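structure.txt follows (compact mmCIF, C-alpha atoms and all ligand atoms):
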```
# COMPACT_ATOMS: atom_id res chain seq x y z
CA MET A 1 21.12 7.68 18.69
CA GLU A 2 20.69 7.52 14.95
CA ARG A 3 18.78 4.26 15.12
CA ALA A 4 16.43 5.69 17.78
CA LEU A 5 15.74 8.77 15.66
CA ARG A 6 15.05 6.65 12.59
CA GLU A 7 12.67 4.44 14.55
CA HIS A 8 10.91 7.54 15.83
CA ILE A 9 10.49 8.87 12.27
CA ILE A 10 9.29 5.49 11.00
CA GLY A 11 6.76 5.31 13.85
CA TRP A 12 5.49 8.79 13.04
CA VAL A 13 5.07 7.99 9.34
CA VAL A 14 3.27 4.71 10.06
CA GLU A 15 0.91 6.50 12.44
CA ARG A 16 0.15 9.24 9.90
CA ALA A 17 -0.52 6.63 7.24
CA GLU A 18 -2.86 4.65 9.48
CA ALA A 19 -4.88 7.78 10.21
CA ASN A 20 -5.17 8.65 6.51
CA GLY A 21 -6.05 5.15 5.30
CA GLY A 22 -2.61 3.74 4.45
CA PHE A 23 -0.99 6.64 2.64
CA VAL A 24 0.79 9.91 3.37
CA PHE A 25 0.79 13.22 1.59
CA ARG A 26 3.98 14.85 0.38
CA GLU A 27 3.16 17.95 2.47
CA GLU A 28 3.07 15.91 5.67
CA LEU A 29 6.43 14.31 4.89
CA LEU A 30 8.04 17.66 4.19
CA SER A 31 6.69 19.20 7.40
CA PHE A 32 8.15 16.69 9.88
CA ARG A 33 10.03 18.38 12.74
CA HIS A 34 12.52 17.01 15.23
CA ASN A 35 13.55 19.07 18.31
CA GLY A 36 11.91 22.10 16.74
CA GLU A 37 13.92 21.79 13.52
CA LYS A 38 12.49 20.86 10.16
CA LEU A 39 13.60 17.40 9.08
CA PRO A 40 11.84 16.52 5.82
CA VAL A 41 11.32 12.77 5.47
CA ILE A 42 11.50 12.86 1.67
CA ASP A 43 13.65 15.00 -0.56
CA TYR A 44 12.07 18.03 -2.21
CA SER A 45 13.00 16.99 -5.71
CA ARG A 46 14.85 13.68 -5.73
CA GLY A 47 13.88 10.09 -5.09
CA ILE A 48 16.29 9.64 -2.19
CA ARG A 49 16.57 11.45 1.13
CA ASN A 50 19.97 11.70 2.78
CA PRO A 51 19.77 14.18 5.67
CA ARG A 52 23.12 15.68 6.57
CA ALA A 53 22.60 14.70 10.22
CA LEU A 54 22.25 11.00 9.40
CA SER A 55 25.05 8.69 8.33
CA ALA A 56 22.78 6.49 6.21
CA THR A 57 19.91 7.02 3.77
CA LEU A 58 16.59 7.81 5.47
CA SER A 59 14.13 7.17 2.63
CA ILE A 60 13.82 6.19 -1.00
CA VAL A 61 10.93 6.65 -3.41
CA SER A 62 9.91 4.00 -5.87
CA SER A 63 7.44 4.52 -8.66
CA ALA A 64 6.07 1.93 -11.03
CA SER A 65 5.77 4.45 -13.84
CA GLY A 66 8.14 7.20 -12.80
CA PRO A 67 11.59 8.19 -13.98
CA TYR A 68 13.38 5.65 -11.82
CA ASP A 69 15.18 2.49 -12.77
CA ASP A 70 13.93 0.56 -9.80
CA VAL A 71 12.51 -2.86 -10.38
CA GLU A 72 10.32 -4.95 -8.16
CA SER A 73 11.60 -8.31 -9.17
CA GLU A 74 9.94 -11.70 -9.21
CA ASP A 75 11.84 -12.75 -6.12
CA GLY A 76 9.95 -10.18 -4.02
CA LEU A 77 13.01 -7.95 -3.58
CA LEU A 78 13.45 -4.43 -4.88
CA HIS A 79 16.43 -3.72 -7.09
CA TYR A 80 17.19 -0.09 -6.50
CA ALA A 81 19.50 1.35 -9.12
CA TYR A 82 22.59 3.30 -8.06
CA ARG A 83 21.94 7.00 -8.16
CA SER A 84 23.71 8.71 -11.04
CA GLY A 85 27.31 9.81 -10.64
CA ASP A 86 30.12 8.22 -8.70
CA PRO A 87 29.02 4.84 -7.31
CA TRP A 88 31.26 5.32 -4.27
CA SER A 89 30.23 8.77 -3.08
CA GLY A 90 27.17 10.93 -2.36
CA ASP A 91 23.83 9.15 -2.28
CA ASN A 92 25.34 5.79 -3.10
CA ARG A 93 27.76 6.04 -0.20
CA LYS A 94 24.89 6.58 2.27
CA LEU A 95 22.94 3.66 0.84
CA ARG A 96 26.06 1.57 1.30
CA VAL A 97 26.27 2.69 4.95
CA ALA A 98 22.66 1.52 5.35
CA TYR A 99 23.76 -1.81 3.90
CA GLU A 100 26.81 -2.13 6.13
CA THR A 101 25.12 -1.07 9.37
CA GLY A 102 21.67 -2.60 8.81
CA MET A 103 19.96 0.73 9.58
CA PRO A 104 16.21 0.61 8.85
CA LEU A 105 14.90 2.99 6.21
CA LEU A 106 11.61 3.99 4.63
CA LEU A 107 10.39 3.09 1.18
CA PHE A 108 7.73 5.30 -0.34
CA ARG A 109 5.72 4.02 -3.27
CA LYS A 110 4.49 6.95 -5.27
CA GLU A 111 0.93 6.12 -6.34
CA VAL A 112 -0.21 9.46 -7.77
CA PRO A 113 1.49 12.86 -7.59
CA ASN A 114 2.01 13.93 -3.97
CA VAL A 115 0.63 10.74 -2.42
CA TYR A 116 2.77 7.86 -1.22
CA THR A 117 2.25 4.45 0.32
CA PRO A 118 4.93 4.04 3.00
CA VAL A 119 6.56 0.67 3.50
CA ALA A 120 8.75 0.63 6.58
CA PRO A 121 11.07 -0.48 7.88
CA VAL A 122 12.95 -1.84 4.89
CA TYR A 123 16.62 -2.82 4.70
CA VAL A 124 19.41 -2.66 2.16
CA VAL A 125 20.49 -6.29 2.02
CA ASP A 126 22.90 -6.45 -0.91
CA ASP A 127 25.21 -4.24 -2.94
CA ARG A 128 25.73 -5.28 -6.56
CA PRO A 129 28.33 -3.12 -8.26
CA ASP A 130 28.15 -5.16 -11.49
CA GLU A 131 24.39 -4.61 -11.66
CA ARG A 132 24.82 -1.04 -10.35
CA ALA A 133 22.03 -1.68 -7.87
CA PHE A 134 21.27 -2.17 -4.21
CA VAL A 135 18.86 -4.88 -3.18
CA ILE A 136 16.15 -3.80 -0.74
CA ALA A 137 14.20 -6.30 1.39
CA LEU A 138 11.11 -5.90 3.54
CA ASP A 139 12.53 -7.97 6.33
CA GLU A 140 15.83 -7.69 8.17
CA SER A 141 16.38 -11.44 8.05
CA PHE A 142 17.45 -11.16 4.39
CA ARG A 143 20.66 -9.53 5.59
CA PHE A 144 21.71 -12.87 7.01
CA PHE A 145 20.62 -15.21 4.24
CA GLY A 146 23.96 -15.24 2.43
CA ASN A 147 24.00 -15.13 -1.34
CA LEU A 148 20.68 -13.65 -2.44
CA ASP A 149 21.27 -14.62 -6.08
CA THR A 150 20.48 -18.19 -5.19
CA LEU A 151 17.67 -17.90 -2.66
CA SER A 152 16.11 -21.21 -1.72
CA GLU A 153 12.58 -21.83 -2.94
CA GLU A 154 11.26 -21.42 0.60
CA LYS A 155 12.94 -18.04 1.14
CA ARG A 156 11.86 -16.86 -2.28
CA ARG A 157 8.25 -17.69 -1.42
CA TYR A 158 8.66 -15.88 1.89
CA ALA A 159 9.93 -12.77 0.07
CA GLN A 160 7.04 -12.92 -2.39
CA ARG A 161 4.52 -13.27 0.44
CA LEU A 162 6.05 -10.30 2.24
CA ALA A 163 5.95 -8.23 -0.94
CA ARG A 164 2.28 -9.06 -1.36
CA GLN A 165 1.34 -8.22 2.23
CA ARG A 166 3.52 -5.19 2.83
CA LEU A 167 3.90 -3.66 -0.63
CA HIS A 168 1.24 -4.68 -3.12
CA GLN A 169 -1.82 -4.86 -0.86
CA PRO A 170 -1.14 -1.50 0.82
CA ALA A 171 -0.51 0.08 -2.59
CA PHE A 172 -3.82 -1.35 -3.85
CA ARG A 173 -5.61 0.10 -0.82
CA THR A 174 -4.09 3.53 -1.46
CA ARG A 175 -5.07 3.58 -5.13
CA VAL A 176 -8.62 2.41 -4.44
CA LEU A 177 -9.18 4.81 -1.52
CA LEU A 178 -7.88 7.73 -3.57
CA ALA A 179 -10.17 6.83 -6.48
CA TYR A 180 -13.16 6.85 -4.10
CA GLU A 181 -11.98 10.05 -2.39
CA THR A 182 -11.59 8.11 0.87
CA ARG A 183 -15.27 7.21 1.19
CA CYS A 184 -17.06 3.90 1.59
CA THR A 185 -18.78 3.15 -1.71
CA VAL A 186 -21.86 1.89 0.20
CA CYS A 187 -22.36 4.32 3.10
CA ARG A 188 -19.94 7.18 2.23
CA LEU A 189 -18.12 6.94 5.59
CA HIS A 190 -15.17 9.30 5.28
CA HIS A 191 -12.57 7.98 7.73
CA GLY A 192 -9.50 6.52 6.04
CA SER A 193 -8.52 4.49 9.07
CA LEU A 194 -11.89 2.68 8.94
CA LEU A 195 -11.72 1.97 5.19
CA ASP A 196 -10.38 -0.99 3.22
CA ALA A 197 -9.99 -1.83 -0.42
CA ALA A 198 -12.21 -4.85 -1.02
CA HIS A 199 -11.36 -7.15 -3.92
CA ILE A 200 -14.28 -7.84 -6.26
CA LEU A 201 -12.69 -10.97 -7.71
CA PRO A 202 -10.51 -12.37 -4.97
CA ASP A 203 -6.77 -12.27 -4.93
CA GLY A 204 -5.71 -15.55 -6.53
CA HIS A 205 -8.56 -15.57 -9.08
CA PRO A 206 -7.11 -15.43 -12.63
CA ASP A 207 -8.76 -12.00 -13.14
CA GLY A 208 -8.34 -10.91 -9.53
CA ALA A 209 -5.61 -8.37 -10.21
CA PRO A 210 -5.02 -5.60 -7.66
CA THR A 211 -6.22 -2.92 -10.08
CA VAL A 212 -8.62 -0.14 -9.13
CA ASP A 213 -11.39 -1.54 -11.38
CA ASN A 214 -11.26 -4.77 -9.37
CA GLY A 215 -11.61 -2.91 -6.09
CA LEU A 216 -14.23 -1.19 -3.96
CA ALA A 217 -13.51 1.23 -1.14
CA MET A 218 -15.53 -0.05 1.79
CA CYS A 219 -15.71 0.58 5.52
CA LYS A 220 -14.71 -2.36 7.69
CA ILE A 221 -18.32 -3.47 8.31
CA HIS A 222 -19.37 -3.34 4.67
CA HIS A 223 -16.15 -5.02 3.58
CA ALA A 224 -16.72 -7.91 5.99
CA ALA A 225 -20.38 -8.14 4.95
CA TYR A 226 -19.34 -8.19 1.27
CA ASP A 227 -16.74 -10.89 1.82
CA GLN A 228 -19.30 -13.01 3.69
CA ASP A 229 -22.01 -12.52 1.05
CA MET A 230 -24.29 -10.69 3.44
CA LEU A 231 -24.03 -7.77 1.06
CA GLY A 232 -23.85 -8.08 -2.71
CA VAL A 233 -23.29 -5.61 -5.53
CA THR A 234 -25.11 -6.02 -8.85
CA PRO A 235 -23.35 -5.31 -12.15
CA ASP A 236 -25.36 -2.07 -12.38
CA TYR A 237 -23.90 -0.85 -9.11
CA ARG A 238 -26.78 -1.57 -6.75
CA VAL A 239 -26.37 -2.81 -3.21
CA GLN A 240 -28.27 -5.95 -2.27
CA ILE A 241 -28.62 -7.19 1.29
CA ALA A 242 -29.14 -10.93 1.81
CA TRP A 243 -32.75 -11.89 2.62
CA ARG A 244 -31.81 -13.52 5.89
CA LEU A 245 -30.50 -10.16 7.12
CA LEU A 246 -33.44 -8.18 5.79
CA GLU A 247 -35.82 -10.32 7.82
CA GLU A 248 -33.83 -10.05 11.02
CA LYS A 249 -34.70 -7.67 13.86
CA ASP A 250 -31.91 -6.03 15.78
CA GLY A 251 -30.40 -2.67 16.79
CA PRO A 252 -29.45 0.44 14.77
CA MET A 253 -26.35 -1.01 13.12
CA LEU A 254 -28.34 -3.74 11.41
CA ARG A 255 -31.17 -1.38 10.53
CA HIS A 256 -29.26 1.70 9.33
CA GLY A 257 -25.94 0.13 8.46
CA LEU A 258 -27.21 -2.83 6.45
CA GLN A 259 -30.98 -3.11 5.87
CA GLU A 260 -31.38 0.51 4.74
CA MET A 261 -28.56 0.08 2.24
CA HIS A 262 -30.64 -2.45 0.28
CA GLY A 263 -31.31 -1.09 -3.21
CA GLN A 264 -28.99 1.92 -2.85
CA THR A 265 -26.62 2.85 -5.66
CA LEU A 266 -22.86 2.77 -5.06
CA HIS A 267 -20.94 6.02 -4.76
CA LEU A 268 -18.47 5.69 -7.59
CA PRO A 269 -15.16 7.25 -8.62
CA ARG A 270 -15.39 10.23 -10.89
CA ARG A 271 -13.09 8.79 -13.53
CA PRO A 272 -14.84 6.08 -15.59
CA ARG A 273 -11.72 3.93 -15.80
CA ASP A 274 -11.55 3.71 -11.99
CA ARG A 275 -15.10 2.36 -11.70
CA PRO A 276 -15.67 -1.31 -10.94
CA HIS A 277 -15.52 -3.58 -13.95
CA ARG A 278 -19.05 -4.82 -14.69
CA ASP A 279 -17.90 -8.31 -15.69
CA HIS A 280 -16.05 -8.66 -12.39
CA LEU A 281 -19.13 -7.48 -10.49
CA ALA A 282 -21.36 -9.89 -12.43
CA HIS A 283 -19.07 -12.78 -11.70
CA ARG A 284 -18.92 -11.98 -8.03
CA TYR A 285 -22.67 -11.32 -7.80
CA GLU A 286 -23.36 -14.89 -8.91
CA THR A 287 -21.55 -16.12 -5.82
CA PHE A 288 -23.64 -13.80 -3.67
CA LEU A 289 -26.88 -15.13 -5.24
CA GLN A 290 -25.84 -18.70 -4.46
CA GLY A 291 -25.56 -17.76 -0.80
CA VAL A 292 -28.91 -16.00 -0.35
ZN ZN B 301 -19.69 1.55 4.69
```
Would you write the structure of this file as structure tokens?
Ligand SMILES: [Zn+2]
Amino acid sequence: MERALREHIIGWVVERAEANGGFVFREELLSFRHNGEKLPVIDYSRGIRNPRALSATLSIVSSASGPYDDVESEDGLLHYAYRSGDPWSGDNRKLRVAYETGMPLLLFRKEVPNVYTPVAPVYVVDDRPDERAFVIALDESFRFFGNLDTLSEEKRRYAQRLARQRLHQPAFRTRVLLAYETRCTVCRLHHGSLLDAAHILPDGHPDGAPTVDNGLAMCKIHHAAYDQDMLGVTPDYRVQIAWRLLEEKDGPMLRHGLQEMHGQTLHLPRRPRDRPHRDHLAHRYETFLQGV
């Protein structure tokens, strides 16, 4: 029963997030209903949600800059500090039930006030009274790995890869889409589910950090065109379409979607610090020029 309800809630949150572009609004999470009754998915004021009807914690909120002690550690696992008060009762008791029963829960990364990137399901995979923390993993398999203090190199790499795919990349997409008010920087398409956060300098490049100034909100077509150097962006924010595409003759998508974008100026975030870094653009534009 409880597991089915949790899976239903997780499915609902994931669906909402997909429709929005990878994030959910606080209002949506507070308005969730089950059998006609309100069942908020996050707490009104605290970083943990323990509905009375559920034996184990439903959701936790993590914030890189907020008033929480949580740490995303190097090993790709989240060290979630015990809630204040008695370690054996209240919130901590319900987190421990999640640990003992393996119930899936939701992790919400707070990116800006009232907007969260959901990561679900996640699992409580260790209880560390001496550290006063629970260890949260993005994959159930970590429950069965034994001592997580001494993870093998292979499992550590697996955890890091999961953290990148399921935590850091989605969080990057949320921050970039919010900065661009959920519009493609090239064509202004305003459908979150059709938008990505493109990296200017690729992930893995020494300066390719997942920060908003190394990102561009782009629709799926423009993102793919950018990654394949069919579309370039100059350091002064102009769109360039590769010559080979400009000379081609084809239907309306090529004409309106790509050729007519040639020479247009990007639609940029309002806040200067969110705008693409000109050095990053310049660096990337050189690669584009080599391809045309
Ligand atoms: Zn577009």
Next on the checklist: Just want the 10 Å neighbourhood of range 92-96 of chain A, counted on all atoms listed in the file, with same-chain residues fewer than 2 positions away dropped. Output as a PyMOL selection string.
Outcome noted: chain A and resi 48-51+54-60+81-90+98-103+105+123-127+132-134
Next on the checklist: Around ligand ZN 301 (chain B), out to 12 Å and counting all atoms listed in the file, which residues are there? I want them as a PyMOL selection string.
Outcome noted: chain A and resi 182-192+194-198+216-226+231+239+253+256-258+260-261+264+266-267
Item to check | Interatomic distance (Å, one decimal) between CA of Glu153 in chain A and CA of Leu107 in chain A | outcome: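 That distance, rounded to one decimal, is 25.4 Å.
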Item to check | Atom pair CA of Arg156 in chain A / CA of Leu77 in chain A: separation (Å) | outcome: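 Answer for the CA of Arg156 in chain A to CA of Leu77 in chain A separation: 9.1 Å.
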Item to check | Nearest to Gly208 in chain A by atom-to-atom distance, counting only C-alpha atoms, from A:Ala17, A:Leu281, A:Leu148, A:Leu254 | outcome: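 Comparing A:Ala17, A:Leu281, A:Leu148, A:Leu254 against Gly208 in chain A, the winner is A:Leu281.
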Sorted by chain and rising residue number, which residues of range 100-195 of chain A lie within 7 Å of range 21-34 of chain A, and what are their closest atom pairs and distances in Å to one decimal, counting all atoms listed in the file, as a tab-separated table?
```
residue	atom	partner	partner_atom	distance
A:Asn114	CA	A:Arg26	CA	4.9
A:Val115	CA	A:Phe25	CA	4.7
A:Tyr116	CA	A:Val24	CA	5.4
A:Thr117	CA	A:Phe23	CA	4.5
A:Pro118	CA	A:Phe23	CA	6.5
A:Pro170	CA	A:Gly22	CA	6.5
A:Thr174	CA	A:Phe23	CA	6.0
A:Gly192	CA	A:Gly21	CA	3.8
A:Ser193	CA	A:Gly21	CA	4.6
A:Leu195	CA	A:Gly21	CA	6.5
```
Go ahead and save the residues from that selection, with C-alpha atoms, as a compact mmCIF listing (two decimals), keeping the file's coordinate frame.
```txt
# COMPACT_ATOMS: atom_id res chain seq x y z
CA ASN A 114 2.01 13.93 -3.97
CA VAL A 115 0.63 10.74 -2.42
CA TYR A 116 2.77 7.86 -1.22
CA THR A 117 2.25 4.45 0.32
CA PRO A 118 4.93 4.04 3.00
CA PRO A 170 -1.14 -1.50 0.82
CA THR A 174 -4.09 3.53 -1.46
CA GLY A 192 -9.50 6.52 6.04
CA SER A 193 -8.52 4.49 9.07
CA LEU A 195 -11.72 1.97 5.19
```
Using the file's own x, y and z axes, what box holds all listed atoms of range 13-26 of chain A with 3 Å on each side, keeping edges along x, y and z, and what are its centre and edge lengths in Å to one decimal, as AutoDock Vina command-line options?
```
--center_x -0.5 --center_y 9.3 --center_z 6.4 --size_x 17.1 --size_y 17.1 --size_z 18.1
```
Item to check | Point-to-point distance in Å for CA of Arg157 in chain A and CA of Val97 in chain A | outcome: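 Value for the CA of Val97 in chain A-CA of Arg157 in chain A distance: 27.9 Å.
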Checklist entry - Restricting the calculation to only C-alpha atoms, which member of A:Asp229, A:Arg273, A:Ser45, A:Gly251 is positioned closest to Val292 in chain A? => result A:Asp229
Next on the checklist: Given only C-alpha atoms as the basis, pick out the residue of A:Ile200, A:Val176, A:Gln240, A:Leu78 nearest to Leu138 in chain A.
Outcome noted: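 Once distances to Leu138 in chain A are computed over only C-alpha atoms, the minimum belongs to A:Leu78.
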Item to check | Closest of A:Asp149, A:Glu181, A:Asp75, A:Asp227 to His199 in chain A - atom-to-atom distances counting only C-alpha atoms | outcome: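 Looking at the shortest contact to His199 in chain A, the residue is A:Asp227.
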Checklist entry - Counting all atoms listed in the file, which of A:Arg271, A:Ser73, A:Asp203, A:Ile241 gets nearest to Gln259 in chain A? => result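 The answer is A:Ile241, which sits nearest to Gln259 in chain A.
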Checklist entry - Smallest atom-to-atom distance to Ile42 in chain A: which of A:Trp12, A:Phe108, A:Phe142, A:Tyr285, using all atoms listed in the file? => result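 Of A:Trp12, A:Phe108, A:Phe142, A:Tyr285, the one nearest Ile42 in chain A, counting all atoms listed in the file, is A:Phe108.
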